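A short write-up of the structure that comes next.
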Amino acid sequence: MLAAALLTAVTTVVAVTTAGCTGNNGGSSTRTGAATRAAEAPRSADDPAGQKLDWKACPPPTSAEGGSSGRTPGPDWECATLQAPLDYAKPRSNGNTIGIALIRAKATDKARRIGSLVFNFGGPGGSGITTLPAFADDYRNLRSRYDLVSFDPRGVGRSSGVTCLTDRELDAYYAADAAPATEAGEKALVERVTSYAAGCERNSGKVLPHVGTENAARDMDLMRQVLGDAKLHYFGVSYGTELGGVYAHLFPDKVGRALLDGVVDPTADPVQSALAQAQGFQLALTNYMDACTKTSDNCPTEAGIRALLDRLGRKPIPGAGGRDLTRSLATSGIAQSLYSKDFWDYLTEGLEDAENGDGRLLLSLGDAMNGRGQDGRYSTLQSSLNAITCADFSQRYTAAEIEQRVPEFRKASPVFGDFMAWSLTQCTGWPVKGAWQTPDVSAKGSAPVLVVGNTGDPATPYGGAKHMAQELGPGVAAELTYRGEGHGAYDSGNACVKGAVDAYLLDGTVPEPDKICS
């Protein structure tokens with residue numbers, strides 16, 4: 001049966017919601033409010049770069065970080081809090097700071113230690129405090145020469161995590177119809193999203209203007225200085241690739257060895273990003289169904305899945321804990337399962353169960369997507385995702401504009417298209433203006449950045465890696481292609497990818513041009 005605890009951990013790394021895309025990262029060539037490069041400021045007595053971190057044994061992750069087990073990360077891990085300016089435009093304004101929660105496991109080969117390797121696992125909104133220890137075995141080789149470091153970005157988890165609604169209200173919010181087909185349904189969706197935004201302002205209004213990606217990049221440079229590293233060595237996954245690109249733009253001379261894996265397209269605006277994700281999830285679903293037919297005569301079909309979702313839209317079925325499996329929750333569960341081939345068997349089982357009136361497994365998968373723990377508590381994953389995305393992107397779409405685009409999305413994905421189109425309501429009523437139309441990631445003068453794209457990636461389609469490489473600028477990106485399935489490449493288990501990345505991060509060996517792993 002489903003390993004629910006594992007699902008919750010994996011969600012932190014790969015979650016992308018049908019109510020909002022993983023970093024709606026821009027696609028038009030027009031950039032407004034683009035990040036401005038900043039030189040390292042000289043230190044003074046009250047300069048935050050001069051602070052000393054107080055590393056201590058880590059407490060158990062909180063529910064806000066997706067931790068419901070009550071277990072500490074273990075003796076290898078230590079935690080600290082970095083104090084950063086809340087507003088980098090006024091860094092010494094009345095002592096207004098924000099605590100950035102850090103976690104670290106020291107390098108095992110101290111004689112050959114390179115420095116710190118800072119991880120961001122994406123979302124935006126994923127907790128590094130929870131995720132890095134959960135997947136530490138995957139990075140055992142890297143730990144030989146690096147201190148493994150991650151963090152809860154501002155507005156996430158332990159770092160003033162954004163909260164919007166109560167757990168009970170979130171249950172209702174995610175169960176409600178996210179792909180309306182009537183005028184009344186559209187009105188209800190807009191009202192829900194607007195009410196959600198009001199809740200975010202009510203509960204987290206102080207931090208909302210300051211949780212954007214540019215500020216997170218500045219936090220990482222402060223982190224680099226306080227950790228004592230001359231350069232930032234970086235491992236970014238999914239949205240973490242956008243964060244890494246923005247960092248490289250702001251601080252090109254501070255880039256050390258940087259990996260971008262599962263790459264967000266920095267040239268796509270929110271519409272283009274959502275449309276690409278619709279196509280990506282449709283491709284992943286097709287690949288899943290094709291693979292199933294090679295080992296079984298009883299496999300789901302697209303027509304069958306669409307019919308199931310239509311029935312759930314009319315009449316939900318029992319799930320677990322007195323909750324029903326609705327069309328929205330089932331769609332989220334299907335999408336969650338496509339992040340990794342490891343979940344394909346669960347998807348087959350969950351779809352078969354749902355056909356027989358049992359919604360428990362698909363509901364559990366949908367909960368993982370939405371950041372709901374087994375105890376019924378929600379992490380800040382999705383609320384942080386909304387807050388960061390809406391602080392970054394300036395586009396706001398009306399119901400009428402989205403309705404006109406629904407046929408285009410439906411053509412891209414008969415299963416996910418409607419949901420991805422209506423996810424463009426994500427920033428409706430948001431109380432903070434967005435900073436840009438698309439992020440600037442140009443990084444002239446940067447050290448080589450390794451950009452890894454996966455041809456079967458549903459959440460960050462392969463084309464994003466090509467565009468990121470181009471936007472970083474001539475001579476900056478080294479490209480590696482993985483012909484595989486799932487989100488990202490390094491944690492796929494592919495020996496070719498892992499070998500190439502480890503050689504780059506540990507020895508500085510850049511792969512040969514346009515290297516392909518399969």
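Chain labels follow the order of the structure tokens: the first chain is A, the next B, and so on; residue numbering restarts at 1 in every chain, and ligands are counted from 1 in their shown order.
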
In segment 276-445 of chain A, DSSP strand (DSSP E) residues written as a PyMOL selection string: chain A and resi 317-318+324-325

So that I can check the surroundings of segment 411-426 of chain A, please list as a ChimeraX atom specification every protein, DNA and RNA residue that reaches within 7 Å of it, counting only C-alpha atoms and ignoring chain neighbours fewer than 5 positions away. /A:18-20,178-179,193,274,278-279,282,306,386,397,402,406

Go ahead and save the picked residues with all heavy atoms, as a short mmCIF file (atom, residue, chain, number, x, y, z; two decimals), in the first residue's frame.
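Result went into part-v6.cif, see below:
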data_model
loop_
_atom_site.label_atom_id
_atom_site.label_comp_id
_atom_site.auth_asym_id
_atom_site.auth_seq_id
_atom_site.Cartn_x
_atom_site.Cartn_y
_atom_site.Cartn_z
N THR A 18 -2.01 22.21 -9.27
CA THR A 18 -2.88 22.61 -10.36
C THR A 18 -3.59 23.90 -10.04
O THR A 18 -4.28 24.43 -10.89
CB THR A 18 -3.92 21.50 -10.62
OG1 THR A 18 -4.55 21.16 -9.39
CG2 THR A 18 -3.26 20.29 -11.21
N ALA A 19 -3.43 24.41 -8.82
CA ALA A 19 -3.96 25.74 -8.49
C ALA A 19 -2.93 26.82 -8.71
O ALA A 19 -3.17 27.97 -8.46
CB ALA A 19 -4.44 25.78 -7.05
N GLY A 20 -1.74 26.45 -9.14
CA GLY A 20 -0.68 27.42 -9.41
C GLY A 20 0.57 26.71 -9.82
O GLY A 20 0.92 25.69 -9.28
N ALA A 178 -11.79 23.49 -9.25
CA ALA A 178 -10.76 24.42 -9.72
C ALA A 178 -10.77 24.59 -11.23
O ALA A 178 -9.90 25.27 -11.77
CB ALA A 178 -9.39 23.93 -9.27
N ALA A 179 -11.74 23.99 -11.91
CA ALA A 179 -11.83 24.10 -13.37
C ALA A 179 -13.29 24.30 -13.76
O ALA A 179 -13.93 23.40 -14.32
CB ALA A 179 -11.26 22.85 -14.05
N VAL A 193 -10.48 32.48 -4.55
CA VAL A 193 -9.09 32.91 -4.68
C VAL A 193 -8.89 34.29 -4.04
O VAL A 193 -7.88 34.54 -3.37
CB VAL A 193 -8.68 32.93 -6.17
CG1 VAL A 193 -7.30 33.54 -6.34
CG2 VAL A 193 -8.69 31.52 -6.74
N ALA A 274 2.25 27.96 -17.79
CA ALA A 274 1.14 27.05 -17.49
C ALA A 274 0.81 26.16 -18.69
O ALA A 274 0.51 24.97 -18.54
CB ALA A 274 -0.09 27.84 -17.06
N ALA A 278 0.96 22.11 -18.91
CA ALA A 278 -0.15 21.28 -19.37
C ALA A 278 0.35 20.26 -20.38
O ALA A 278 0.01 19.07 -20.32
CB ALA A 278 -1.24 22.16 -19.98
N GLN A 279 1.16 20.72 -21.31
CA GLN A 279 1.73 19.80 -22.31
C GLN A 279 2.66 18.79 -21.65
O GLN A 279 2.66 17.61 -22.02
CB GLN A 279 2.49 20.62 -23.35
CG GLN A 279 1.61 21.52 -24.20
CD GLN A 279 2.40 22.55 -24.99
OE1 GLN A 279 3.52 22.92 -24.63
NE2 GLN A 279 1.83 23.03 -26.09
N GLN A 282 0.66 16.17 -19.77
CA GLN A 282 -0.01 15.30 -20.73
C GLN A 282 0.98 14.30 -21.32
O GLN A 282 0.67 13.11 -21.47
CB GLN A 282 -0.65 16.13 -21.85
CG GLN A 282 -1.52 15.32 -22.79
CD GLN A 282 -2.78 14.78 -22.13
OE1 GLN A 282 -3.35 15.44 -21.25
NE2 GLN A 282 -3.22 13.59 -22.54
N ARG A 306 -10.53 10.59 -18.10
CA ARG A 306 -11.39 11.76 -18.27
C ARG A 306 -12.81 11.46 -17.81
O ARG A 306 -13.46 12.30 -17.16
CB ARG A 306 -11.37 12.20 -19.73
CG ARG A 306 -10.05 12.79 -20.18
CD ARG A 306 -9.99 12.99 -21.68
NE ARG A 306 -11.01 13.93 -22.14
CZ ARG A 306 -11.29 14.16 -23.41
NH1 ARG A 306 -10.62 13.49 -24.37
NH2 ARG A 306 -12.20 15.04 -23.76
N ASN A 386 2.22 30.53 -3.62
CA ASN A 386 1.42 31.65 -4.08
C ASN A 386 2.10 32.98 -3.79
O ASN A 386 2.18 33.88 -4.64
CB ASN A 386 0.04 31.63 -3.41
CG ASN A 386 -1.01 30.99 -4.29
OD1 ASN A 386 -0.79 29.93 -4.85
ND2 ASN A 386 -2.15 31.64 -4.40
N TYR A 397 -4.67 38.06 -14.30
CA TYR A 397 -5.58 37.66 -15.37
C TYR A 397 -7.02 37.65 -14.88
O TYR A 397 -7.30 37.16 -13.77
CB TYR A 397 -5.19 36.28 -15.90
CG TYR A 397 -3.78 36.23 -16.44
CD1 TYR A 397 -2.73 35.73 -15.66
CD2 TYR A 397 -3.48 36.70 -17.71
CE1 TYR A 397 -1.43 35.68 -16.13
CE2 TYR A 397 -2.17 36.66 -18.20
CZ TYR A 397 -1.16 36.16 -17.40
OH TYR A 397 0.13 36.13 -17.88
N ILE A 402 -9.03 34.35 -19.10
CA ILE A 402 -8.72 32.92 -18.97
C ILE A 402 -9.71 32.09 -19.79
O ILE A 402 -9.32 31.13 -20.46
CB ILE A 402 -8.75 32.52 -17.49
CG1 ILE A 402 -7.63 33.24 -16.74
CG2 ILE A 402 -8.62 31.00 -17.34
CD1 ILE A 402 -7.71 33.12 -15.23
N VAL A 406 -9.04 28.85 -22.55
CA VAL A 406 -9.32 27.46 -22.16
C VAL A 406 -9.21 26.49 -23.34
O VAL A 406 -8.61 25.41 -23.20
CB VAL A 406 -10.68 27.35 -21.45
CG1 VAL A 406 -11.12 25.90 -21.34
CG2 VAL A 406 -10.61 27.99 -20.07
#

Residues at most 9 Å from Ile516 of chain A, counting only C-alpha atoms, excluding those fewer than 3 positions away in the same chain, as a PDB file with C-alpha atoms, in the first residue's frame?
ATOM      1  CA  GLU A 479      24.198  21.667 -20.997  1.00  0.00           C
ATOM      2  CA  LEU A 480      23.435  18.064 -20.064  1.00  0.00           C
ATOM      3  CA  THR A 481      20.379  16.217 -21.406  1.00  0.00           C
ATOM      4  CA  TYR A 482      18.775  13.270 -19.631  1.00  0.00           C
ATOM      5  CA  ARG A 483      16.407  11.184 -21.751  1.00  0.00           C
ATOM      6  CA  CYS A 496      25.445   8.782 -16.234  1.00  0.00           C
ATOM      7  CA  VAL A 497      23.734  11.900 -14.875  1.00  0.00           C
TER       8      VAL A 497
END

Closest contacts (segment 214-328 of chain A/segment 443-462 of chain A, max 6 Å, only C-alpha atoms) as JSON lines:
{"residue": "A:Ala248", "atom": "CA", "partner": "A:Ala443", "partner_atom": "CA", "distance": 5.4}
{"residue": "A:His249", "atom": "CA", "partner": "A:Ala443", "partner_atom": "CA", "distance": 4.5}
{"residue": "A:Pro252", "atom": "CA", "partner": "A:Ser446", "partner_atom": "CA", "distance": 4.4}
{"residue": "A:Asp253", "atom": "CA", "partner": "A:Ser446", "partner_atom": "CA", "distance": 5.6}
{"residue": "A:Val255", "atom": "CA", "partner": "A:Ala447", "partner_atom": "CA", "distance": 6.0}
{"residue": "A:Ala258", "atom": "CA", "partner": "A:Val449", "partner_atom": "CA", "distance": 5.1}
{"residue": "A:Leu259", "atom": "CA", "partner": "A:Leu450", "partner_atom": "CA", "distance": 4.9}
{"residue": "A:Leu260", "atom": "CA", "partner": "A:Val451", "partner_atom": "CA", "distance": 4.9}
{"residue": "A:Asp261", "atom": "CA", "partner": "A:Val452", "partner_atom": "CA", "distance": 4.9}
{"residue": "A:Gly262", "atom": "CA", "partner": "A:Gly453", "partner_atom": "CA", "distance": 5.8}
{"residue": "A:Val263", "atom": "CA", "partner": "A:Thr460", "partner_atom": "CA", "distance": 5.8}
{"residue": "A:Val264", "atom": "CA", "partner": "A:Thr460", "partner_atom": "CA", "distance": 5.4}
{"residue": "A:Gln277", "atom": "CA", "partner": "A:Ala459", "partner_atom": "CA", "distance": 5.5}
{"residue": "A:Gly280", "atom": "CA", "partner": "A:Pro458", "partner_atom": "CA", "distance": 4.0}
{"residue": "A:Phe281", "atom": "CA", "partner": "A:Pro458", "partner_atom": "CA", "distance": 4.4}
{"residue": "A:Ala284", "atom": "CA", "partner": "A:Pro458", "partner_atom": "CA", "distance": 5.7}

Kindly export the residues of the current selection with N, CA, C and O atoms, as a compact mmCIF listing (two decimals), in the first residue's frame.
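File produced: selection-v7.txt:
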# COMPACT_ATOMS: atom_id res chain seq x y z
N ALA A 248 22.79 34.25 -10.12
CA ALA A 248 23.90 34.42 -11.06
C ALA A 248 23.85 35.78 -11.74
O ALA A 248 24.88 36.38 -12.04
N HIS A 249 22.64 36.29 -11.99
CA HIS A 249 22.49 37.62 -12.58
C HIS A 249 22.93 38.71 -11.61
O HIS A 249 23.63 39.66 -11.97
N PRO A 252 27.24 37.63 -10.44
CA PRO A 252 27.95 36.72 -11.36
C PRO A 252 29.36 36.39 -10.90
O PRO A 252 29.85 35.27 -11.14
N ASP A 253 30.03 37.33 -10.23
CA ASP A 253 31.41 37.10 -9.81
C ASP A 253 31.49 36.26 -8.54
O ASP A 253 32.59 35.88 -8.12
N VAL A 255 29.58 33.35 -8.27
CA VAL A 255 29.13 32.00 -8.62
C VAL A 255 30.32 31.05 -8.60
O VAL A 255 31.34 31.30 -9.25
N ALA A 258 27.74 25.64 -9.86
CA ALA A 258 26.29 25.75 -9.71
C ALA A 258 25.59 24.77 -10.64
O ALA A 258 25.84 24.77 -11.85
N LEU A 259 24.70 23.95 -10.07
CA LEU A 259 23.90 22.99 -10.83
C LEU A 259 22.45 23.45 -10.86
O LEU A 259 21.87 23.76 -9.81
N LEU A 260 21.86 23.47 -12.05
CA LEU A 260 20.43 23.76 -12.22
C LEU A 260 19.79 22.52 -12.83
O LEU A 260 20.07 22.16 -13.97
N ASP A 261 18.91 21.85 -12.08
CA ASP A 261 18.35 20.55 -12.46
C ASP A 261 16.83 20.61 -12.42
O ASP A 261 16.24 20.99 -11.41
N GLY A 262 16.17 20.21 -13.54
CA GLY A 262 14.72 20.35 -13.64
C GLY A 262 14.40 21.81 -13.86
O GLY A 262 13.81 22.47 -13.02
N VAL A 263 14.77 22.32 -15.03
CA VAL A 263 14.98 23.76 -15.21
C VAL A 263 13.71 24.49 -15.61
O VAL A 263 13.05 24.16 -16.60
N VAL A 264 13.40 25.54 -14.84
CA VAL A 264 12.32 26.46 -15.14
C VAL A 264 12.72 27.32 -16.34
O VAL A 264 13.87 27.72 -16.48
N GLN A 277 3.39 23.48 -18.96
CA GLN A 277 3.17 22.45 -17.95
C GLN A 277 2.00 21.54 -18.34
O GLN A 277 2.06 20.32 -18.11
N GLY A 280 3.44 19.25 -20.66
CA GLY A 280 4.38 18.36 -20.00
C GLY A 280 3.69 17.26 -19.21
O GLY A 280 4.09 16.10 -19.27
N PHE A 281 2.64 17.61 -18.48
CA PHE A 281 1.92 16.59 -17.72
C PHE A 281 1.16 15.64 -18.66
O PHE A 281 1.05 14.45 -18.37
N ALA A 284 3.74 13.23 -19.88
CA ALA A 284 4.08 12.27 -18.84
C ALA A 284 2.97 11.24 -18.64
O ALA A 284 3.24 10.05 -18.42

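Every protein, DNA or RNA residue with an atom at most 8 Å from segment 82-97 of chain A, where only C-alpha atoms count and chain neighbours fewer than 3 positions away do not, is listed here: Pro48, Leu53, Ile100, Ala101, Leu102, Val207, His210, Asn215, Asp219, Leu222 and Met223 of chain A.
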
Using only C-alpha atoms, which protein or nucleic acid residues come within 10 Å of Met220 of chain A? Drop anything in the same chain fewer than 6 positions from it, and give the result as a ChimeraX atom specification. /A:84,100,118,151,153,214,226,232,234,243-244,247

Expected file: the selected residues, N, CA, C and O atoms, as a compact mmCIF listing (two decimals), in the first residue's frame:
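Result went into out-v2.txt, see below:
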# COMPACT_ATOMS: atom_id res chain seq x y z
N ALA A 84 18.48 38.24 8.33
CA ALA A 84 18.62 38.99 7.09
C ALA A 84 17.72 40.23 7.14
O ALA A 84 16.69 40.23 7.84
N ILE A 100 16.13 33.46 8.74
CA ILE A 100 16.18 32.43 7.70
C ILE A 100 16.73 31.15 8.34
O ILE A 100 17.90 31.10 8.76
N VAL A 118 24.98 24.74 -1.16
CA VAL A 118 23.66 25.21 -0.74
C VAL A 118 22.60 24.65 -1.68
O VAL A 118 22.70 24.79 -2.90
N PHE A 151 17.93 25.49 3.48
CA PHE A 151 17.26 26.54 4.24
C PHE A 151 15.79 26.59 3.87
O PHE A 151 15.38 26.09 2.83
N PRO A 153 13.47 29.20 2.65
CA PRO A 153 13.52 30.58 2.15
C PRO A 153 12.52 31.47 2.87
O PRO A 153 11.55 31.00 3.47
N GLU A 214 14.18 37.67 -5.88
CA GLU A 214 15.37 38.51 -5.78
C GLU A 214 15.83 38.63 -4.33
O GLU A 214 17.04 38.55 -4.05
N VAL A 226 28.32 34.67 5.43
CA VAL A 226 28.33 34.26 6.83
C VAL A 226 28.90 32.85 6.99
O VAL A 226 29.55 32.55 8.00
N LEU A 232 29.63 31.02 -4.05
CA LEU A 232 28.45 30.22 -3.72
C LEU A 232 28.45 28.97 -4.59
O LEU A 232 28.34 29.06 -5.82
N TYR A 234 26.26 25.72 -5.48
CA TYR A 234 24.78 25.70 -5.41
C TYR A 234 24.22 24.50 -6.16
O TYR A 234 24.71 24.10 -7.21
N LEU A 243 15.78 30.53 -9.01
CA LEU A 243 16.49 31.22 -7.94
C LEU A 243 17.99 31.27 -8.24
O LEU A 243 18.64 32.31 -8.07
N GLY A 244 18.53 30.16 -8.71
CA GLY A 244 19.95 30.13 -9.05
C GLY A 244 20.29 31.06 -10.21
O GLY A 244 21.33 31.72 -10.21
N TYR A 247 20.26 34.57 -8.90
CA TYR A 247 21.49 34.80 -8.13
C TYR A 247 22.67 35.06 -9.07
O TYR A 247 23.46 35.99 -8.85

Counting only C-alpha atoms, which of A:Ala268, A:Leu117, A:Ala291, A:Ala80 gets nearest to Phe393 of chain A? A:Ala268

Record the distance separating atom CA of Lys110 of chain A and atom CA of Phe235 of chain A, expressed in Å with one decimal. 20.3 Å

Residues of segment 142-260 of chain A in helix (DSSP H, G or I), written as number ranges by chain: A: 142-143, 167-175, 183-204, 208-210, 213-227, 239-250, 252-254

Pick the closest to Gln272 of chain A from A:Gln225, A:Asn494, A:Thr72, A:Gln437: which is it, counting only C-alpha atoms? A:Gln437

Pairwise distance, atom CA of Thr331 of chain A with atom CA of Pro180 of chain A, equals 13.7 Å

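Taking atom CA of Cys427 of chain A and atom CA of Leu309 of chain A as endpoints, the distance between them is 25.8 Å.
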
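Closest to Phe409 of chain A among A:Gly67, A:Leu275, A:Val510, A:Arg327 is A:Leu275, based on only C-alpha atoms.
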
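Minimum atom-to-atom distance to Gln382 of chain A, evaluated using only C-alpha atoms, belongs to A:Gly125 out of A:Gly486, A:Gly74, A:Pro60, A:Gly125.
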
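The shortest atom-to-atom distance to Thr194 of chain A, with only C-alpha atoms taken into account, belongs to A:Pro431 out of A:Ser492, A:Gly463, A:Gly357, A:Pro431.
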